[in-house]
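Listing of protein.cif; format and content: mmCIF, C-alpha atoms and all ligand atoms.
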```cif
data_work
#
loop_
_atom_site.label_atom_id
_atom_site.label_comp_id
_atom_site.auth_asym_id
_atom_site.auth_seq_id
_atom_site.Cartn_x
_atom_site.Cartn_y
_atom_site.Cartn_z
CA MET A 1 -34.00 -44.90 -17.99
CA LYS A 2 -32.74 -41.69 -16.42
CA GLU A 3 -33.64 -38.29 -17.81
CA THR A 4 -31.47 -37.06 -20.66
CA ASN A 5 -30.39 -33.45 -21.11
CA ALA A 6 -33.53 -31.39 -20.57
CA LEU A 7 -32.46 -28.48 -22.74
CA PHE A 8 -31.70 -30.52 -25.87
CA ALA A 9 -34.68 -32.77 -25.26
CA SER A 10 -36.87 -29.65 -25.33
CA PHE A 11 -35.90 -28.63 -28.88
CA GLY A 12 -37.62 -29.72 -32.07
CA LEU A 13 -35.72 -30.88 -35.15
CA THR A 14 -34.06 -27.94 -36.94
CA VAL A 15 -36.29 -26.44 -39.63
CA PHE A 16 -33.55 -26.89 -42.26
CA GLU A 17 -33.58 -30.67 -41.83
CA VAL A 18 -37.37 -30.76 -41.59
CA MET A 19 -37.88 -28.82 -44.81
CA SER A 20 -35.11 -30.61 -46.75
CA GLN A 21 -36.57 -34.00 -45.80
CA LEU A 22 -40.03 -32.83 -46.78
CA ALA A 23 -38.68 -31.51 -50.10
CA LEU A 24 -37.09 -34.92 -50.80
CA LYS A 25 -40.27 -36.75 -49.89
CA HIS A 26 -42.37 -34.66 -52.28
CA ASP A 27 -39.71 -34.27 -54.95
CA ALA A 28 -39.94 -30.52 -54.45
CA ILE A 29 -37.49 -27.86 -55.62
CA ASN A 30 -35.65 -27.03 -52.44
CA LEU A 31 -35.59 -23.26 -51.97
CA GLY A 32 -35.53 -23.88 -48.22
CA GLN A 33 -32.15 -24.82 -46.73
CA GLY A 34 -29.42 -22.51 -48.00
CA PHE A 35 -27.05 -24.40 -50.30
CA PRO A 36 -26.10 -23.84 -53.95
CA ASP A 37 -26.97 -26.43 -56.58
CA GLU A 38 -23.59 -26.01 -58.28
CA ASP A 39 -20.35 -26.97 -56.52
CA GLY A 40 -17.49 -24.49 -56.15
CA PRO A 41 -14.46 -24.50 -58.50
CA LEU A 42 -12.93 -27.77 -59.70
CA ALA A 43 -9.43 -26.49 -58.84
CA ILE A 44 -10.43 -26.25 -55.18
CA ARG A 45 -11.88 -29.75 -55.18
CA GLU A 46 -8.80 -31.07 -57.00
CA ALA A 47 -6.51 -29.53 -54.39
CA ALA A 48 -8.53 -31.33 -51.69
CA ALA A 49 -8.52 -34.59 -53.67
CA LYS A 50 -4.76 -34.41 -54.19
CA SER A 51 -4.22 -33.88 -50.50
CA LEU A 52 -6.54 -36.77 -49.71
CA LEU A 53 -4.63 -39.12 -52.03
CA GLU A 54 -1.12 -37.98 -51.21
CA GLY A 55 -1.61 -37.17 -47.55
CA PRO A 56 -0.99 -36.25 -44.88
CA ASN A 57 -4.19 -37.82 -43.59
CA GLN A 58 -3.49 -37.72 -39.87
CA TYR A 59 -4.54 -35.13 -37.29
CA PRO A 60 -3.42 -31.64 -38.26
CA SER A 61 -2.59 -29.12 -35.55
CA MET A 62 -5.72 -28.29 -33.59
CA MET A 63 -5.39 -24.67 -34.71
CA GLY A 64 -5.53 -25.64 -38.40
CA ILE A 65 -2.81 -26.16 -41.00
CA PRO A 66 -0.38 -23.21 -41.09
CA ALA A 67 -0.95 -22.56 -44.82
CA LEU A 68 -4.67 -22.05 -44.23
CA ARG A 69 -4.22 -19.86 -41.17
CA GLN A 70 -1.78 -17.74 -43.16
CA ALA A 71 -4.23 -17.54 -46.07
CA ILE A 72 -7.04 -16.44 -43.74
CA ALA A 73 -4.85 -13.73 -42.14
CA GLU A 74 -3.83 -12.55 -45.62
CA HIS A 75 -7.48 -12.54 -46.78
CA ASP A 76 -8.51 -10.44 -43.79
CA ARG A 77 -5.65 -8.02 -44.42
CA GLU A 78 -6.51 -7.62 -48.08
CA CYS A 79 -10.27 -7.43 -47.70
CA TYR A 80 -10.58 -5.51 -44.45
CA GLY A 81 -7.19 -4.09 -43.51
CA LEU A 82 -7.10 -6.33 -40.42
CA ASP A 83 -3.64 -7.10 -39.13
CA LEU A 84 -3.91 -10.60 -37.64
CA ASP A 85 -1.10 -12.72 -36.25
CA TRP A 86 -1.87 -16.05 -37.99
CA GLN A 87 -0.15 -18.02 -35.24
CA LYS A 88 -2.03 -16.48 -32.34
CA GLU A 89 -5.21 -15.01 -33.77
CA VAL A 90 -6.55 -17.39 -36.42
CA MET A 91 -8.07 -20.83 -35.90
CA VAL A 92 -9.70 -23.23 -38.37
CA THR A 93 -12.95 -24.88 -37.23
CA SER A 94 -15.29 -27.55 -38.54
CA GLY A 95 -17.72 -25.04 -40.02
CA ALA A 96 -18.89 -21.70 -38.72
CA THR A 97 -21.31 -23.62 -36.52
CA GLU A 98 -18.45 -25.04 -34.50
CA ALA A 99 -16.77 -21.61 -34.43
CA LEU A 100 -19.94 -20.08 -32.95
CA GLN A 101 -20.18 -22.79 -30.35
CA VAL A 102 -16.57 -22.58 -29.20
CA ALA A 103 -16.58 -18.77 -29.16
CA LEU A 104 -19.69 -18.75 -26.98
CA PHE A 105 -18.44 -21.60 -24.76
CA GLY A 106 -15.08 -19.87 -24.40
CA LEU A 107 -16.44 -16.45 -23.53
CA ILE A 108 -19.56 -17.08 -21.46
CA GLU A 109 -19.76 -17.81 -17.75
CA PRO A 110 -22.99 -19.28 -16.34
CA GLY A 111 -25.39 -16.42 -15.65
CA ASP A 112 -23.87 -14.03 -18.18
CA GLU A 113 -26.35 -12.21 -20.37
CA VAL A 114 -25.86 -12.49 -24.12
CA VAL A 115 -27.79 -10.17 -26.41
CA VAL A 116 -29.24 -11.77 -29.52
CA MET A 117 -31.00 -9.81 -32.23
CA GLU A 118 -34.00 -11.37 -33.93
CA PRO A 119 -34.43 -12.62 -36.57
CA ALA A 120 -31.60 -14.88 -35.38
CA TYR A 121 -30.05 -17.97 -36.96
CA ASP A 122 -31.41 -21.00 -35.18
CA CYS A 123 -28.33 -22.22 -33.28
CA TYR A 124 -27.48 -19.05 -31.33
CA VAL A 125 -29.99 -19.29 -28.50
CA PRO A 126 -29.56 -23.04 -27.86
CA MET A 127 -25.76 -22.63 -27.76
CA ILE A 128 -25.94 -19.69 -25.37
CA LYS A 129 -28.29 -21.59 -23.07
CA ARG A 130 -26.12 -24.72 -23.09
CA ALA A 131 -23.14 -22.53 -22.17
CA GLY A 132 -25.15 -21.39 -19.14
CA GLY A 133 -25.73 -17.93 -20.57
CA VAL A 134 -28.99 -16.03 -20.48
CA PRO A 135 -30.14 -14.92 -23.94
CA VAL A 136 -31.55 -11.39 -23.97
CA ILE A 137 -33.62 -11.00 -27.11
CA VAL A 138 -33.85 -7.71 -28.97
CA ARG A 139 -35.95 -7.41 -32.07
CA MET A 140 -35.33 -5.89 -35.47
CA GLU A 141 -38.39 -4.87 -37.44
CA ALA A 142 -39.31 -5.62 -41.05
CA PRO A 143 -38.97 -4.37 -43.69
CA ASP A 144 -35.92 -2.26 -42.78
CA TRP A 145 -34.36 -4.59 -40.21
CA ARG A 146 -32.16 -1.79 -38.89
CA LEU A 147 -30.05 -2.27 -35.78
CA PRO A 148 -32.49 -1.37 -32.98
CA MET A 149 -30.16 0.97 -31.08
CA GLU A 150 -32.70 2.14 -28.49
CA ALA A 151 -33.67 -1.40 -27.59
CA LEU A 152 -30.00 -2.41 -27.52
CA GLU A 153 -29.21 0.48 -25.16
CA ALA A 154 -31.96 -0.78 -22.88
CA ALA A 155 -30.77 -4.40 -23.09
CA PHE A 156 -27.12 -3.75 -22.20
CA ASN A 157 -26.28 -3.69 -18.51
CA GLY A 158 -23.55 -4.74 -16.08
CA ASN A 159 -24.36 -8.44 -16.63
CA THR A 160 -24.05 -8.28 -20.41
CA LYS A 161 -21.06 -10.35 -21.51
CA ALA A 162 -21.56 -10.54 -25.26
CA ILE A 163 -23.73 -9.79 -28.25
CA VAL A 164 -24.16 -11.98 -31.31
CA LEU A 165 -24.10 -10.03 -34.57
CA ASN A 166 -24.93 -11.64 -37.91
CA SER A 167 -24.11 -9.49 -40.92
CA PRO A 168 -24.99 -10.03 -43.74
CA LEU A 169 -28.11 -11.19 -41.94
CA ASN A 170 -29.79 -14.55 -42.44
CA PRO A 171 -32.74 -14.57 -43.23
CA ALA A 172 -33.41 -10.86 -43.83
CA GLY A 173 -30.48 -10.05 -46.11
CA ARG A 174 -29.44 -6.87 -44.31
CA VAL A 175 -25.82 -5.79 -44.60
CA PHE A 176 -25.41 -3.43 -41.67
CA SER A 177 -23.95 -0.07 -42.63
CA TRP A 178 -20.79 1.50 -41.25
CA ASP A 179 -22.91 4.00 -39.29
CA GLU A 180 -25.00 1.30 -37.68
CA LEU A 181 -21.88 -0.70 -36.79
CA GLU A 182 -20.23 2.40 -35.36
CA ALA A 183 -23.16 2.89 -32.98
CA LEU A 184 -23.03 -0.77 -31.97
CA ALA A 185 -19.26 -0.64 -31.46
CA GLU A 186 -19.65 2.40 -29.21
CA LEU A 187 -22.21 0.52 -27.11
CA CYS A 188 -20.02 -2.61 -26.84
CA LEU A 189 -17.00 -0.57 -25.82
CA ARG A 190 -18.96 1.53 -23.29
CA HIS A 191 -20.17 -1.67 -21.58
CA ASP A 192 -17.02 -3.73 -22.22
CA VAL A 193 -19.04 -6.34 -24.11
CA TYR A 194 -17.70 -8.93 -26.58
CA ALA A 195 -19.24 -9.25 -30.03
CA VAL A 196 -19.43 -12.71 -31.57
CA CYS A 197 -19.72 -11.85 -35.27
CA ASP A 198 -21.20 -14.39 -37.63
CA GLU A 199 -19.94 -13.20 -41.02
CA VAL A 200 -20.47 -16.34 -43.10
CA TYR A 201 -22.05 -14.32 -45.95
CA GLU A 202 -19.25 -11.70 -45.85
CA HIS A 203 -18.68 -11.88 -49.61
CA LEU A 204 -22.27 -12.35 -50.75
CA THR A 205 -23.38 -8.71 -50.91
CA PHE A 206 -25.12 -6.85 -53.71
CA GLU A 207 -24.96 -3.51 -55.53
CA GLY A 208 -22.42 -1.66 -53.51
CA HIS A 209 -23.50 -2.87 -50.08
CA LYS A 210 -20.15 -3.45 -48.46
CA HIS A 211 -19.55 -5.78 -45.55
CA TYR A 212 -17.47 -4.38 -42.69
CA PRO A 213 -16.36 -6.76 -39.96
CA LEU A 214 -17.20 -5.23 -36.58
CA MET A 215 -13.65 -6.23 -35.65
CA SER A 216 -12.35 -3.59 -38.09
CA LEU A 217 -14.13 -0.70 -36.38
CA PRO A 218 -12.05 1.56 -34.15
CA GLY A 219 -11.57 0.03 -30.71
CA MET A 220 -13.19 -3.32 -31.58
CA ARG A 221 -10.04 -5.27 -32.45
CA ASN A 222 -9.98 -6.93 -29.01
CA HIS A 223 -13.73 -7.01 -28.44
CA ALA A 224 -15.00 -8.68 -31.60
CA VAL A 225 -14.57 -12.28 -32.65
CA ARG A 226 -14.92 -12.76 -36.40
CA ILE A 227 -16.35 -15.99 -37.84
CA GLY A 228 -16.36 -17.02 -41.51
CA SER A 229 -17.18 -20.11 -43.56
CA ALA A 230 -15.49 -21.42 -46.69
CA GLY A 231 -18.72 -23.27 -47.42
CA LYS A 232 -20.53 -20.04 -48.23
CA SER A 233 -17.74 -18.16 -49.97
CA PHE A 234 -16.84 -21.05 -52.29
CA SER A 235 -20.13 -22.93 -52.72
CA LEU A 236 -18.93 -25.94 -50.72
CA THR A 237 -21.38 -25.94 -47.83
CA GLY A 238 -20.98 -29.66 -47.15
CA TRP A 239 -17.29 -29.25 -46.40
CA LYS A 240 -17.93 -27.50 -43.11
CA VAL A 241 -14.66 -25.61 -42.98
CA GLY A 242 -14.94 -22.43 -40.97
CA TYR A 243 -12.60 -20.09 -39.20
CA ILE A 244 -12.43 -17.77 -36.29
CA CYS A 245 -10.31 -14.66 -35.83
CA ALA A 246 -9.87 -13.27 -32.34
CA ALA A 247 -7.37 -11.16 -30.42
CA ALA A 248 -4.40 -13.02 -28.93
CA GLU A 249 -5.89 -12.44 -25.45
CA LEU A 250 -9.15 -14.20 -26.38
CA MET A 251 -8.03 -16.99 -28.66
CA PRO A 252 -6.49 -19.33 -26.04
CA VAL A 253 -9.75 -19.84 -24.17
CA ILE A 254 -11.72 -20.24 -27.42
CA ALA A 255 -9.11 -22.74 -28.63
CA LYS A 256 -9.57 -24.71 -25.41
CA ALA A 257 -13.28 -24.98 -26.12
CA HIS A 258 -12.41 -26.15 -29.66
CA GLN A 259 -9.94 -28.78 -28.40
CA PHE A 260 -12.80 -30.48 -26.57
CA ALA A 261 -15.38 -30.03 -29.33
CA THR A 262 -13.87 -31.27 -32.62
CA PHE A 263 -10.16 -30.63 -31.93
CA THR A 264 -9.43 -30.36 -35.67
CA THR A 265 -10.76 -30.44 -39.24
CA SER A 266 -10.00 -32.72 -42.22
CA PRO A 267 -6.54 -31.85 -43.60
CA ALA A 268 -7.65 -32.48 -47.20
CA LEU A 269 -10.51 -30.02 -46.94
CA GLN A 270 -8.21 -27.49 -45.33
CA ALA A 271 -5.80 -27.90 -48.27
CA GLY A 272 -8.70 -27.27 -50.64
CA VAL A 273 -9.57 -24.06 -48.81
CA VAL A 274 -5.93 -22.90 -49.02
CA GLU A 275 -6.27 -23.11 -52.83
CA ALA A 276 -9.62 -21.31 -52.58
CA MET A 277 -8.47 -18.40 -50.43
CA THR A 278 -5.13 -18.02 -52.17
CA ASN A 279 -6.06 -18.36 -55.83
CA ARG A 280 -9.85 -18.45 -56.25
CA MET A 281 -11.23 -15.28 -54.73
CA ASP A 282 -12.39 -14.27 -58.23
CA PHE A 283 -14.91 -17.12 -58.01
CA THR A 284 -16.41 -15.50 -54.92
CA ARG A 285 -16.66 -12.09 -56.60
CA ASP A 286 -18.38 -13.66 -59.62
CA LEU A 287 -20.66 -15.60 -57.31
CA ALA A 288 -21.94 -12.41 -55.65
CA CYS A 289 -22.57 -10.95 -59.09
CA SER A 290 -24.49 -13.95 -60.37
CA LEU A 291 -26.44 -14.21 -57.11
CA GLN A 292 -27.63 -10.64 -57.57
CA GLY A 293 -29.10 -11.61 -60.96
CA LYS A 294 -30.75 -14.68 -59.43
CA ARG A 295 -32.17 -12.59 -56.60
CA ASP A 296 -33.72 -10.25 -59.18
CA LEU A 297 -35.09 -13.11 -61.24
CA LEU A 298 -36.79 -14.70 -58.25
CA ALA A 299 -37.95 -11.37 -56.80
CA SER A 300 -39.59 -10.16 -59.98
CA GLY A 301 -41.16 -13.56 -60.59
CA LEU A 302 -42.60 -13.76 -57.09
CA GLU A 303 -43.76 -10.17 -57.25
CA GLY A 304 -45.57 -11.00 -60.46
CA LEU A 305 -47.37 -13.78 -58.57
CA GLY A 306 -48.59 -11.31 -55.95
CA PHE A 307 -46.01 -11.71 -53.16
CA LYS A 308 -44.72 -8.56 -51.51
CA ILE A 309 -40.93 -8.55 -51.75
CA LEU A 310 -38.69 -7.34 -48.95
CA PRO A 311 -35.34 -5.88 -50.00
CA THR A 312 -32.26 -8.07 -49.69
CA GLU A 313 -28.77 -6.59 -49.69
CA GLY A 314 -26.80 -9.80 -49.21
CA THR A 315 -26.88 -13.57 -48.41
CA TYR A 316 -28.65 -16.28 -50.41
CA PHE A 317 -32.08 -15.34 -49.21
CA LEU A 318 -35.15 -13.41 -50.25
CA THR A 319 -37.93 -12.71 -47.77
CA VAL A 320 -41.49 -12.28 -49.02
CA ASP A 321 -44.75 -11.29 -47.37
CA ILE A 322 -47.45 -13.92 -47.99
CA SER A 323 -50.38 -11.98 -46.54
CA GLY A 324 -52.99 -11.39 -49.22
CA LEU A 325 -52.05 -14.65 -50.90
CA TYR A 326 -52.45 -17.08 -48.02
CA ASP A 327 -54.55 -16.93 -44.86
CA GLY A 328 -52.57 -19.31 -42.64
CA ARG A 329 -49.23 -19.04 -40.88
CA ASP A 330 -45.83 -19.07 -42.59
CA GLU A 331 -45.02 -22.55 -41.30
CA GLU A 332 -48.20 -24.03 -42.69
CA PHE A 333 -47.65 -22.18 -45.97
CA CYS A 334 -44.17 -23.69 -46.36
CA HIS A 335 -45.45 -27.20 -45.72
CA VAL A 336 -48.37 -26.73 -48.09
CA ILE A 337 -46.31 -25.39 -51.01
CA THR A 338 -43.75 -28.16 -50.54
CA ARG A 339 -46.46 -30.82 -50.74
CA GLU A 340 -48.80 -29.22 -53.24
CA ALA A 341 -46.71 -26.92 -55.42
CA GLY A 342 -43.43 -28.85 -55.22
CA VAL A 343 -41.41 -25.88 -53.94
CA ALA A 344 -39.89 -25.77 -50.44
CA ALA A 345 -39.21 -22.59 -48.43
CA ILE A 346 -38.43 -21.63 -44.83
CA PRO A 347 -40.88 -19.92 -42.45
CA VAL A 348 -39.31 -16.77 -41.02
CA SER A 349 -41.04 -17.19 -37.64
CA ILE A 350 -38.49 -19.90 -36.73
CA PHE A 351 -35.85 -17.16 -36.48
CA PHE A 352 -37.78 -15.73 -33.51
CA ASP A 353 -37.93 -17.09 -29.96
CA MET A 354 -41.63 -16.38 -29.59
CA ASN A 355 -44.41 -14.37 -31.22
CA GLY A 356 -42.41 -13.70 -34.36
CA PRO A 357 -44.10 -12.49 -37.53
CA THR A 358 -46.06 -15.30 -39.21
CA HIS A 359 -46.55 -13.69 -42.61
CA LEU A 360 -42.96 -13.86 -43.89
CA VAL A 361 -41.30 -16.67 -45.84
CA ARG A 362 -37.67 -17.11 -46.90
CA PHE A 363 -36.77 -18.38 -50.36
CA CYS A 364 -33.20 -19.37 -51.20
CA PHE A 365 -32.02 -18.17 -54.61
CA CYS A 366 -28.56 -19.76 -54.98
CA LYS A 367 -29.90 -22.17 -57.60
CA ARG A 368 -29.50 -22.43 -61.37
CA GLU A 369 -31.72 -19.99 -63.28
CA GLU A 370 -33.77 -22.77 -64.87
CA VAL A 371 -34.45 -24.18 -61.42
CA LEU A 372 -35.68 -20.80 -60.15
CA LYS A 373 -37.84 -20.42 -63.26
CA GLU A 374 -39.33 -23.87 -62.79
CA ALA A 375 -40.09 -23.03 -59.15
CA LEU A 376 -41.94 -19.91 -60.33
CA VAL A 377 -43.92 -21.95 -62.87
CA ARG A 378 -44.90 -24.42 -60.15
CA LEU A 379 -45.96 -21.67 -57.74
CA LYS A 380 -47.96 -19.94 -60.45
CA LYS A 381 -49.79 -23.14 -61.25
CA TRP A 382 -50.48 -23.77 -57.58
CA LEU A 383 -51.75 -20.25 -56.93
CA GLY A 384 -54.09 -20.54 -59.89
CA ARG A 385 -55.58 -23.71 -58.44
N1 LIG B 401 -24.35 -18.82 -39.60
C1 LIG B 401 -25.30 -18.53 -40.49
C2 LIG B 401 -25.98 -17.21 -40.43
C3 LIG B 401 -25.65 -19.46 -41.46
O1 LIG B 401 -26.62 -19.18 -42.33
C4 LIG B 401 -25.00 -20.70 -41.48
C5 LIG B 401 -25.46 -21.67 -42.50
N2 LIG B 401 -24.61 -22.50 -42.96
C6 LIG B 401 -23.99 -20.95 -40.54
C7 LIG B 401 -23.71 -19.99 -39.60
C8 LIG B 401 -23.25 -22.24 -40.48
O2 LIG B 401 -22.14 -22.29 -41.32
P1 LIG B 401 -21.30 -23.64 -41.52
O3 LIG B 401 -22.05 -24.46 -42.52
O4 LIG B 401 -19.96 -23.22 -41.99
O5 LIG B 401 -21.25 -24.32 -40.20
N1 LIG B 402 -27.46 -21.89 -42.98
C1 LIG B 402 -28.37 -22.68 -43.74
C2 LIG B 402 -29.68 -21.91 -43.92
O1 LIG B 402 -29.93 -20.92 -43.26
C3 LIG B 402 -28.65 -24.01 -43.11
C4 LIG B 402 -27.52 -24.79 -42.57
C5 LIG B 402 -28.02 -25.95 -41.76
O2 LIG B 402 -28.87 -26.67 -42.24
N2 LIG B 402 -27.58 -26.08 -40.56
O3 LIG B 402 -30.45 -22.33 -44.71
#
```
So that I can check it, write out the structure of this file as structure tokens.
Ligand code: PMP
Ligand code: GLN
Amino acid sequence: MKETNALFASFGLTVFEVMSQLALKHDAINLGQGFPDEDGPLAIREAAAKSLLEGPNQYPSMMGIPALRQAIAEHDRECYGLDLDWQKEVMVTSGATEALQVALFGLIEPGDEVVVMEPAYDCYVPMIKRAGGVPVIVRMEAPDWRLPMEALEAAFNGNTKAIVLNSPLNPAGRVFSWDELEALAELCLRHDVYAVCDEVYEHLTFEGHKHYPLMSLPGMRNHAVRIGSAGKSFSLTGWKVGYICAAAELMPVIAKAHQFATFTTSPALQAGVVEAMTNRMDFTRDLACSLQGKRDLLASGLEGLGFKILPTEGTYFLTVDISGLYDGRDEEFCHVITREAGVAAIPVSIFFDMNGPTHLVRFCFCKREEVLKEALVRLKKWLGR
């Protein structure tokens, strides 16, 4: 047989699938892959079910159903003061993952440099490479994970086409401040660089940390592409309904990438998300509040077991330092606790291209309190082995 695609053949299986399968095999509590153990509001699911039963069930417009695009534009106006033309500047995608892919495919020419800040969500670098781009990796450092402005200055040059920004940041939980974003915006504008902004955790921020879309900073309206996910905001991760907001000048080329990727997204799920974004934003606000309590429960429990806790300002995730408790690498630690303690987690080194830190582990806390408590009991028992 002839060779298949060398790039994809070179990758391993994504850590989220690996750890979820391992958790299933060992009947472990899955604090690895980020998904809640309680589904989002019944009213949202009912709206989707009604649409599924009553139709329409044929292809919607490739841009998404008008009601959802209008709801997204309205959401962005209310939350961020963004003034988006829903017909020209909003597109529904099959998850934020597809939005990331089509934004990168639409913007990048082979040979273009794309700056990625580590720790980075696992799909960015493969997507950039498949688009023919050259990832330029810049590192953020624990425990502060601040935007590394000096390193970014050094990384930007005449070949830089885009930067990928993830805020709130998976796995480190940073919510970048207005001041940090201002510095980044200045750099993007000075070099005429696009920012592909992964904002899937936009609403999951804690104690006054506010999320600002880079698109809302002065001058960035036409340089930033904003990506969100209904899965995260409404605890419906399996739905894979995402969206992308981009200036009217950029959207057509991104839409052309989308027309040859998925083309469209289930109309019933889109109808569900209309109900969500129009009438159920209070669920999202309550979710952030309850997640903050769960973060604290898990953090204090793990601290009591001897883990060093890194701060987390947003997302579903808590990062802990395992040094002092375990001699091996993060990856080995995650496999061992899944098998032996019955608790799964994600090694933070997978968010780095190479030579990442091997003493940090990510625990997901969007689980019922009794589940988090049981995970702590299991870890305690294992550590006392
Ligand atoms: N970006 C980040 C940072 C994520 O954590 C995730 C996880 N779901 C995604 C994108 C993908 O979102 P979706 O499930 O909507 O494709
Ligand atoms: N975003 C989720 C996480 O970081 C995983 C989603 C996926 O499995 N692709 O855990």
From A:Gly12, A:Gly95, A:Pro218, A:Gly106, residue lying nearest A:Pro126 [all atoms listed in the file]
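Going through A:Gly12, A:Gly95, A:Pro218, A:Gly106 one by one, the smallest distance to A:Pro126 is for A:Gly12.
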For A:Ile337, which residue among A:His26, A:His223, A:His75, A:His211 is the nearest when counting all atoms listed in the file?
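Closest candidate: A:His26.
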Please, which residues in chain A fall within 7 Å of ligand LIG 401 (chain B) when counting only C-alpha atoms and all ligand atoms, and what is the closest atom pair and distance in Å to one decimal for each, ordered by chain then residue number, as a tab-separated table?
```
residue	atom	partner	partner_atom	distance
A:Gly34	CA	B:LIG401	C5	6.8
A:Ser94	CA	B:LIG401	O5	7.0
A:Gly95	CA	B:LIG401	O4	3.5
A:Ala96	CA	B:LIG401	O4	3.8
A:Thr97	CA	B:LIG401	O5	3.7
A:Glu98	CA	B:LIG401	O5	6.4
A:Tyr121	CA	B:LIG401	C2	5.4
A:Asn166	CA	B:LIG401	C2	6.2
A:Leu169	CA	B:LIG401	C2	6.6
A:Asn170	CA	B:LIG401	C2	5.1
A:Asp198	CA	B:LIG401	N1	5.8
A:Val200	CA	B:LIG401	N1	5.8
A:Ser229	CA	B:LIG401	O4	4.5
A:Ala230	CA	B:LIG401	O4	6.7
A:Gly231	CA	B:LIG401	O4	5.6
A:Thr237	CA	B:LIG401	O3	5.6
A:Lys240	CA	B:LIG401	O4	4.9
A:Val241	CA	B:LIG401	O4	5.9
A:Gly242	CA	B:LIG401	O4	5.2
```
Write as a ChimeraX atom specification the residues around ligand LIG 402 (chain B), taking 9 Å as the cut-off and counting all atoms listed in the file.
/A:14-17,20,31-35,97,121-123,170-171,200,232,237,316-317,346,364
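Picture a line from atom CA of A:Val134 to atom CA of A:Met149; it runs 20.1 Å.
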Separation of atom CA of A:Lys2 from atom CA of A:Tyr124 in Å:
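We find that atom CA of A:Tyr124 and atom CA of A:Lys2 lie 27.6 Å from each other.
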